[in-house]
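final22.txt, holding compact mmCIF, C-alpha atoms and all ligand atoms:
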```txt
# COMPACT_ATOMS: atom_id res chain seq x y z
CA MET L 113 -15.74 4.66 18.71
CA ALA L 114 -14.92 2.65 15.60
CA THR L 115 -11.92 3.58 13.52
CA ARG L 116 -12.26 4.32 9.82
CA TRP L 117 -9.34 2.77 7.92
CA ILE L 118 -8.96 4.25 4.44
CA VAL L 119 -6.82 1.81 2.47
CA THR L 120 -5.41 2.59 -0.96
CA ALA L 121 -2.66 0.76 -2.85
CA ASP L 122 -0.74 0.37 -6.07
CA TRP L 123 -0.64 3.96 -7.25
CA HIS L 124 2.29 3.19 -9.59
CA LEU L 125 2.82 6.89 -10.26
CA ASP L 126 5.57 6.01 -12.74
CA ALA L 127 3.18 3.94 -14.86
CA VAL L 128 3.16 4.37 -18.62
CA THR L 129 0.31 2.95 -20.68
CA ALA L 130 0.84 2.81 -24.46
CA SER L 131 3.50 5.54 -24.19
CA VAL L 132 1.24 7.78 -22.08
CA GLN L 133 2.55 8.75 -18.65
CA ARG L 134 -0.25 8.26 -16.10
CA PHE L 135 1.13 10.48 -13.33
CA ASP L 136 -1.33 13.39 -13.54
CA GLU L 137 -4.54 11.38 -13.52
CA ILE L 138 -3.42 8.95 -10.80
CA VAL L 139 -2.35 11.83 -8.53
CA LEU L 140 -5.80 13.35 -9.04
CA ALA L 141 -7.38 10.07 -7.95
CA ALA L 142 -5.04 9.87 -4.95
CA ARG L 143 -6.02 13.39 -3.91
CA GLN L 144 -9.66 12.32 -3.95
CA VAL L 145 -8.85 9.49 -1.53
CA VAL L 146 -7.06 12.05 0.64
CA GLU L 147 -10.16 14.28 0.62
CA VAL L 148 -12.23 11.35 1.92
CA ALA L 149 -9.66 10.72 4.67
CA LYS L 150 -9.64 14.41 5.61
CA SER L 151 -13.44 14.54 5.87
CA ASP L 152 -13.33 12.84 9.28
CA PRO L 153 -9.71 13.16 10.46
CA VAL L 154 -10.23 12.26 14.11
CA ARG L 155 -11.35 8.69 13.60
CA THR L 156 -9.50 8.01 10.33
CA VAL L 157 -6.25 6.16 9.67
CA PHE L 158 -4.94 6.50 6.12
CA VAL L 159 -3.16 3.35 4.92
CA PHE L 160 -1.08 3.14 1.75
CA ALA L 161 -0.63 -0.58 1.03
CA GLY L 162 2.43 -0.44 -1.21
CA ASP L 163 3.72 0.20 -4.76
CA LEU L 164 4.18 3.94 -5.08
CA THR L 165 6.79 3.78 -7.84
CA ASP L 166 9.72 1.79 -9.12
CA PRO L 167 13.01 3.33 -7.99
CA ASP L 168 14.67 3.04 -11.41
CA PRO L 169 13.07 5.50 -13.87
CA PRO L 170 14.00 9.20 -13.56
CA ARG L 171 10.30 10.02 -13.23
CA CYS L 172 10.28 8.24 -9.85
CA TRP L 173 11.31 11.57 -8.31
CA ARG L 174 8.08 13.38 -9.01
CA ALA L 175 6.23 10.30 -7.75
CA VAL L 176 8.12 10.51 -4.46
CA ALA L 177 7.52 14.27 -4.31
CA ALA L 178 3.78 13.77 -4.83
CA ALA L 179 3.63 11.18 -2.03
CA ALA L 180 5.59 13.46 0.31
CA GLU L 181 3.24 16.34 -0.46
CA ILE L 182 0.22 14.13 0.25
CA ALA L 183 1.71 12.80 3.48
CA GLN L 184 2.49 16.32 4.62
CA HIS L 185 -1.06 17.38 3.78
CA LEU L 186 -2.55 14.47 5.78
CA ALA L 187 -0.29 15.27 8.72
CA TYR L 188 -1.28 18.95 8.60
CA HIS L 189 -4.95 17.95 8.75
CA GLY L 190 -4.37 15.58 11.66
CA VAL L 191 -4.96 12.29 9.84
CA ASP L 192 -2.96 9.34 11.13
CA GLN L 193 -1.12 7.57 8.31
CA VAL L 194 0.99 4.53 7.59
CA TRP L 195 2.71 3.76 4.28
CA LEU L 196 3.84 0.18 3.48
CA THR L 197 6.55 -0.73 1.01
CA GLY L 198 5.54 -2.87 -1.97
CA ASN L 199 7.60 -5.04 -4.29
CA HIS L 200 8.01 -2.10 -6.70
CA ASP L 201 9.25 0.32 -4.03
CA VAL L 202 12.26 -1.58 -2.70
CA LEU L 203 15.85 -1.68 -3.92
CA GLU L 204 18.07 -4.71 -3.59
CA ASP L 205 21.01 -2.59 -2.44
CA GLY L 206 21.75 -4.45 0.78
CA HIS L 207 20.70 -1.42 2.85
CA GLY L 208 16.92 -1.81 2.81
CA SER L 209 16.46 1.33 0.72
CA HIS L 210 13.12 2.08 -0.96
CA THR L 211 11.14 4.89 -2.59
CA LEU L 212 9.13 5.67 0.58
CA MET L 213 12.22 6.57 2.65
CA PRO L 214 11.83 10.37 2.25
CA LEU L 215 8.39 10.14 3.91
CA ARG L 216 10.07 9.14 7.18
CA SER L 217 11.10 12.74 7.79
CA ILE L 218 7.49 13.97 7.78
CA GLU L 219 6.31 14.28 11.35
CA GLY L 220 3.37 12.00 12.03
CA CYS L 221 3.98 9.88 8.93
CA ILE L 222 4.73 6.22 9.63
CA VAL L 223 6.66 4.27 7.01
CA ALA L 224 6.22 0.53 7.52
CA ASP L 225 9.18 -1.17 5.86
CA GLU L 226 9.35 -4.08 8.28
CA PRO L 227 6.69 -6.31 9.86
CA ARG L 228 5.37 -4.39 12.86
CA GLU L 229 2.30 -3.54 14.89
CA TYR L 230 1.21 0.07 15.27
CA THR L 231 -1.19 1.45 17.84
CA PHE L 232 -3.44 4.37 16.87
CA SER L 233 -5.95 6.12 19.08
CA GLY L 234 -8.76 3.94 17.75
CA GLY L 235 -7.13 0.62 17.02
CA ARG L 236 -4.15 -1.49 16.16
CA LEU L 237 -2.72 -2.38 12.77
CA MET L 238 -0.16 -4.99 11.81
CA ALA L 239 1.86 -4.21 8.68
CA LEU L 240 3.30 -6.96 6.48
CA PRO L 241 5.22 -4.95 3.87
CA TYR L 242 7.22 -6.39 1.00
CA THR L 243 10.89 -6.13 1.89
CA ALA L 244 14.19 -6.58 0.08
CA ARG L 245 16.04 -9.85 0.53
CA SER L 246 18.42 -8.18 2.98
CA ARG L 247 15.40 -7.30 5.16
CA GLY L 248 13.54 -10.57 4.56
CA TYR L 249 11.26 -11.97 7.26
CA ASN L 250 8.90 -14.87 7.85
CA PRO L 251 5.29 -13.58 7.56
CA VAL L 252 3.89 -16.65 9.34
CA ALA L 253 6.12 -16.08 12.36
CA ALA L 254 5.41 -12.34 12.31
CA VAL L 255 1.64 -12.88 12.51
CA ARG L 256 1.99 -15.61 15.15
CA SER L 257 3.98 -13.27 17.39
CA ALA L 258 1.49 -10.40 16.99
CA GLY L 259 -0.70 -9.16 19.80
CA PRO L 260 -4.40 -8.45 19.21
CA VAL L 261 -4.86 -6.28 16.12
CA ASP L 262 -7.89 -4.88 14.28
CA LEU L 263 -6.37 -4.89 10.83
CA ILE L 264 -3.57 -6.82 9.13
CA VAL L 265 -2.40 -5.05 5.98
CA GLY L 266 0.17 -6.54 3.64
CA HIS L 267 1.81 -6.15 0.29
CA LEU L 268 2.49 -9.82 -0.26
CA MET L 269 1.33 -12.47 -2.71
CA LEU L 270 -1.75 -14.69 -2.41
CA GLU L 271 -1.35 -18.30 -3.42
CA GLY L 272 -3.65 -19.42 -6.23
CA ILE L 273 -5.17 -16.00 -7.02
CA GLY L 274 -6.00 -15.19 -10.64
CA PRO L 275 -3.17 -13.07 -12.07
CA GLY L 276 -3.69 -9.56 -13.45
CA SER L 277 -1.42 -6.79 -14.67
CA GLU L 278 0.53 -6.91 -11.37
CA THR L 279 1.79 -10.33 -12.46
CA THR L 280 2.30 -9.67 -16.17
CA ASP L 281 3.46 -6.15 -17.18
CA PHE L 282 4.21 -5.18 -13.56
CA ALA L 283 6.17 -8.25 -12.45
CA ARG L 284 8.96 -7.35 -10.01
CA GLY L 285 10.71 -9.05 -7.12
CA ARG L 286 10.12 -12.46 -5.64
CA ASP L 287 7.13 -14.35 -4.22
CA VAL L 288 6.51 -13.78 -0.51
CA PHE L 289 3.14 -15.15 0.51
CA PHE L 290 0.50 -13.59 2.76
CA PRO L 291 -0.09 -15.98 5.69
CA VAL L 292 -3.85 -16.26 5.14
CA ALA L 293 -4.63 -19.00 7.68
CA GLN L 294 -2.54 -17.53 10.50
CA ALA L 295 -3.84 -14.03 9.83
CA ALA L 296 -7.46 -15.20 9.75
CA ALA L 297 -6.97 -16.89 13.12
CA THR L 298 -6.31 -13.49 14.73
CA GLY L 299 -9.86 -12.32 13.96
CA ALA L 300 -8.52 -9.15 12.34
CA VAL L 301 -9.78 -7.68 9.07
CA LEU L 302 -7.31 -8.80 6.38
CA VAL L 303 -6.24 -6.44 3.61
CA ASN L 304 -3.56 -6.81 0.96
CA GLY L 305 -2.27 -4.56 -1.81
CA HIS L 306 -0.30 -5.75 -4.84
CA TYR L 307 -3.23 -7.05 -6.92
CA HIS L 308 -4.58 -4.46 -9.31
CA ARG L 309 -8.19 -5.71 -9.41
CA ARG L 310 -10.46 -4.96 -6.47
CA GLN L 311 -11.60 -8.34 -5.09
CA THR L 312 -12.00 -10.44 -1.97
CA TYR L 313 -9.85 -13.55 -2.09
CA GLN L 314 -9.93 -16.18 0.67
CA GLY L 315 -11.27 -13.57 3.07
CA VAL L 316 -8.55 -11.05 2.18
CA GLU L 317 -9.83 -7.67 0.99
CA ILE L 318 -7.88 -6.25 -1.94
CA PRO L 319 -8.40 -2.55 -2.73
CA GLY L 320 -6.88 -2.79 -6.22
CA SER L 321 -4.97 -0.06 -8.02
CA LEU L 322 -6.22 3.51 -8.42
CA ALA L 323 -6.24 3.29 -12.21
CA ARG L 324 -6.46 0.76 -15.00
CA LEU L 325 -2.74 0.39 -15.73
CA THR L 326 -2.77 -1.90 -18.77
CA ARG L 327 -5.26 -3.11 -21.33
CA ALA L 328 -5.62 -6.25 -19.21
CA ASP L 329 -7.18 -4.05 -16.50
CA VAL L 330 -10.04 -2.93 -18.71
CA ALA L 331 -12.66 -4.71 -16.55
CA ASN L 332 -11.24 -3.37 -13.26
CA ASN L 333 -13.16 -0.79 -11.26
CA PRO L 334 -10.43 1.30 -9.58
CA GLY L 335 -11.07 2.49 -6.05
CA PHE L 336 -10.05 2.30 -2.43
CA LEU L 337 -11.33 0.59 0.72
CA GLU L 338 -13.09 2.09 3.68
CA VAL L 339 -12.95 -0.36 6.60
CA ILE L 340 -14.94 0.53 9.72
CA ARG L 341 -13.65 -1.41 12.66
MN MN N 401 2.99 -5.07 -5.95
```
If you took the structure in this file and wrote it as structure tokens, what would it be?
Amino acid sequence: MATRWIVTADWHLDAVTASVQRFDEIVLAARQVVEVAKSDPVRTVFVFAGDLTDPDPPRCWRAVAAAAEIAQHLAYHGVDQVWLTGNHDVLEDGHGSHTLMPLRSIEGCIVADEPREYTFSGGRLMALPYTARSRGYNPVAAVRSAGPVDLIVGHLMLEGIGPGSETTDFARGRDVFFPVAQAAATGAVLVNGHYHRRQTYQGVEIPGSLARLTRADVANNPGFLEVIR
């Protein structure tokens, strides 16, 4: 039986557009993605591909609370889930801290804050999260050492891609590149968060953000990915 991977990324629940806090509407959109995941829990894996919220603004707390509530809800309904850290989620504190840490205590919720493979009932996923410098890794080596996987999901950068709001207003952290050639050689479906416009770039599927976050995103069509594999 094929697995249904529901991939969503770049919620940026702390986002402010022209002085308007976007929290309420983005959480509503996130809950709709959750409803889709819940509609067929047995064969679904919910994947959050990074960038929940910056750790700095005080409003990060309600963003973390919303994510915890959603993760708890998914767990209650029996949906497998994995949450990757993005470049906005991590702190450079030397301890590998990030805004997804509280989700670790939810039973059945996987937080992928290091490169790793995960086995679910219906398939295998390799996570290539963005990490702080103190937890830095070589994505090329990580993919080369991977076993067979169905999906490789990252929150890294793609060389040569057209920049959007993730690169302008939402710049944060350093460049760590998605190992496109090595990942493609595995035969897995390739997915990467970070970029706010839904697109396919060099064979890598990008879900895009759940909302238009700046005026530069006006032509974006926010959504999520459903990968059957
Ligand atoms: Mn990002």
- Task: Give the residues close to ligand MN 401 (chain N), within 8 Å, counting only C-alpha atoms and all ligand atoms; write them as a list in words.
- Result: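 Protein and nucleic-acid residues within 8 Å of ligand MN 401 (chain N): Asp122, Gly162, Asp163, Gly198, Asn199, His200, His267, Leu268, Glu278, Phe282, Ala283, Arg284, Gly305, His306 and Tyr307 of chain L.
Our summary of the geometry notes that CA of Ala187 (chain L) is positioned 18.8 Å from CA of Ala141 (chain L).
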- Distance criterion (all atoms listed in the file): nearest to Val159 (chain L) out of L:Leu203, L:Ala114, L:Leu322, L:Val145: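 Ranked by minimum distance to Val159 (chain L), first place goes to L:Val145.
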- Item | Selected residue of minimal separation from Thr129 (chain L) among L:Glu226, L:Asp287, L:Asp329, L:Glu338, counting all atoms listed in the file |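 The closest residue to Thr129 (chain L) is L:Asp329.
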- Message: Calculated over all atoms listed in the file, which of the candidates L:Ala121, L:Arg256, L:Gly274, L:Val128 has the smallest distance to Val303 (chain L)?
- Response: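 Counting all atoms listed in the file, the residue closest to Val303 (chain L) is L:Ala121.
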- Item | Nearby residues (only C-alpha atoms) at most 12 Å from Val132 (chain L), same-chain spacing under 5 positions excluded, as a ChimeraX atom specification | /L:125-127,137,325-326
Given the selection you just returned, output its residues as a file containing C-alpha atoms, formatted as a short mmCIF file (atom, residue, chain, number, x, y, z; two decimals), in the coordinates of the input.
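As a result, out.cif now contains:
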```
data_model
loop_
_atom_site.label_atom_id
_atom_site.label_comp_id
_atom_site.auth_asym_id
_atom_site.auth_seq_id
_atom_site.Cartn_x
_atom_site.Cartn_y
_atom_site.Cartn_z
CA LEU L 125 2.82 6.89 -10.26
CA ASP L 126 5.57 6.01 -12.74
CA ALA L 127 3.18 3.94 -14.86
CA GLU L 137 -4.54 11.38 -13.52
CA LEU L 325 -2.74 0.39 -15.73
CA THR L 326 -2.77 -1.90 -18.77
#
```
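For the pair CA of Glu204 (chain L) and CA of Ser277 (chain L), the interatomic distance is 22.5 Å.
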Show which residues sit within 12 Å of Leu164 (chain L), as a compact mmCIF listing (two decimals) with C-alpha atoms, in the frame of the given file. Count only C-alpha atoms, and ignore same-chain residues fewer than 4 positions away.
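Okay, this is what ended up in out_21.txt:
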```txt
# COMPACT_ATOMS: atom_id res chain seq x y z
CA THR L 120 -5.41 2.59 -0.96
CA ALA L 121 -2.66 0.76 -2.85
CA ASP L 122 -0.74 0.37 -6.07
CA TRP L 123 -0.64 3.96 -7.25
CA HIS L 124 2.29 3.19 -9.59
CA LEU L 125 2.82 6.89 -10.26
CA ASP L 126 5.57 6.01 -12.74
CA ALA L 127 3.18 3.94 -14.86
CA PHE L 135 1.13 10.48 -13.33
CA ILE L 138 -3.42 8.95 -10.80
CA VAL L 139 -2.35 11.83 -8.53
CA ALA L 142 -5.04 9.87 -4.95
CA PHE L 160 -1.08 3.14 1.75
CA ARG L 171 10.30 10.02 -13.23
CA CYS L 172 10.28 8.24 -9.85
CA TRP L 173 11.31 11.57 -8.31
CA ARG L 174 8.08 13.38 -9.01
CA ALA L 175 6.23 10.30 -7.75
CA VAL L 176 8.12 10.51 -4.46
CA ALA L 177 7.52 14.27 -4.31
CA ALA L 178 3.78 13.77 -4.83
CA ALA L 179 3.63 11.18 -2.03
CA ALA L 180 5.59 13.46 0.31
CA TRP L 195 2.71 3.76 4.28
CA LEU L 196 3.84 0.18 3.48
CA THR L 197 6.55 -0.73 1.01
CA GLY L 198 5.54 -2.87 -1.97
CA ASN L 199 7.60 -5.04 -4.29
CA HIS L 200 8.01 -2.10 -6.70
CA ASP L 201 9.25 0.32 -4.03
CA VAL L 202 12.26 -1.58 -2.70
CA HIS L 210 13.12 2.08 -0.96
CA THR L 211 11.14 4.89 -2.59
CA LEU L 212 9.13 5.67 0.58
CA MET L 213 12.22 6.57 2.65
CA LEU L 215 8.39 10.14 3.91
CA HIS L 267 1.81 -6.15 0.29
CA GLY L 305 -2.27 -4.56 -1.81
CA HIS L 306 -0.30 -5.75 -4.84
CA SER L 321 -4.97 -0.06 -8.02
CA LEU L 322 -6.22 3.51 -8.42
```
- Item | Residue with smallest distance to Ser246 (chain L) - pool L:Asp225, L:Asn304, L:His185, L:Thr115, counting only C-alpha atoms |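 The closest residue to Ser246 (chain L) is L:Asp225.
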- Message: Considering only C-alpha atoms, can you say which of L:Val288, L:Val157, L:Leu263, L:Ala244 comes closest to Ile222 (chain L)?
- Response: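 Nearest to Ile222 (chain L): L:Val157.
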- Message: List as number ranges by chain the protein and nucleic acid residues near Gly299 (chain L), meaning an atom at most 10 Å away when all atoms listed in the file are counted, but skip any in the same chain fewer than 5 places from it.
- Response: L: 260-264, 294
- Considering all atoms listed in the file, state which residue in the set L:Ala183, L:Arg247, L:Ala239, L:Val194 is at the smallest distance from Ser209 (chain L). L:Arg247
- Any idea what's packed within 12 Å of Gly190 (chain L), counting all atoms listed in the file, ignoring anything in its chain fewer than 4 positions away? Could you give it as a ChimeraX atom specification? /L:146,149-158,183-186,219-221
- Please measure the separation of CA of Gly235 (chain L) and CA of Ala161 (chain L), giving the value in Å to one decimal.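 CA of Gly235 (chain L) sits 17.3 Å away from CA of Ala161 (chain L).
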Box for region 169-182 of chain L - axis-aligned, 6 Å on each of the six sides, all listed atoms - centre and size in Å to one decimal, as AutoDock Vina command-line options.
```
--center_x 7.1 --center_y 10.9 --center_z -6.8 --size_x 25.8 --size_y 22.8 --size_z 26.2
```
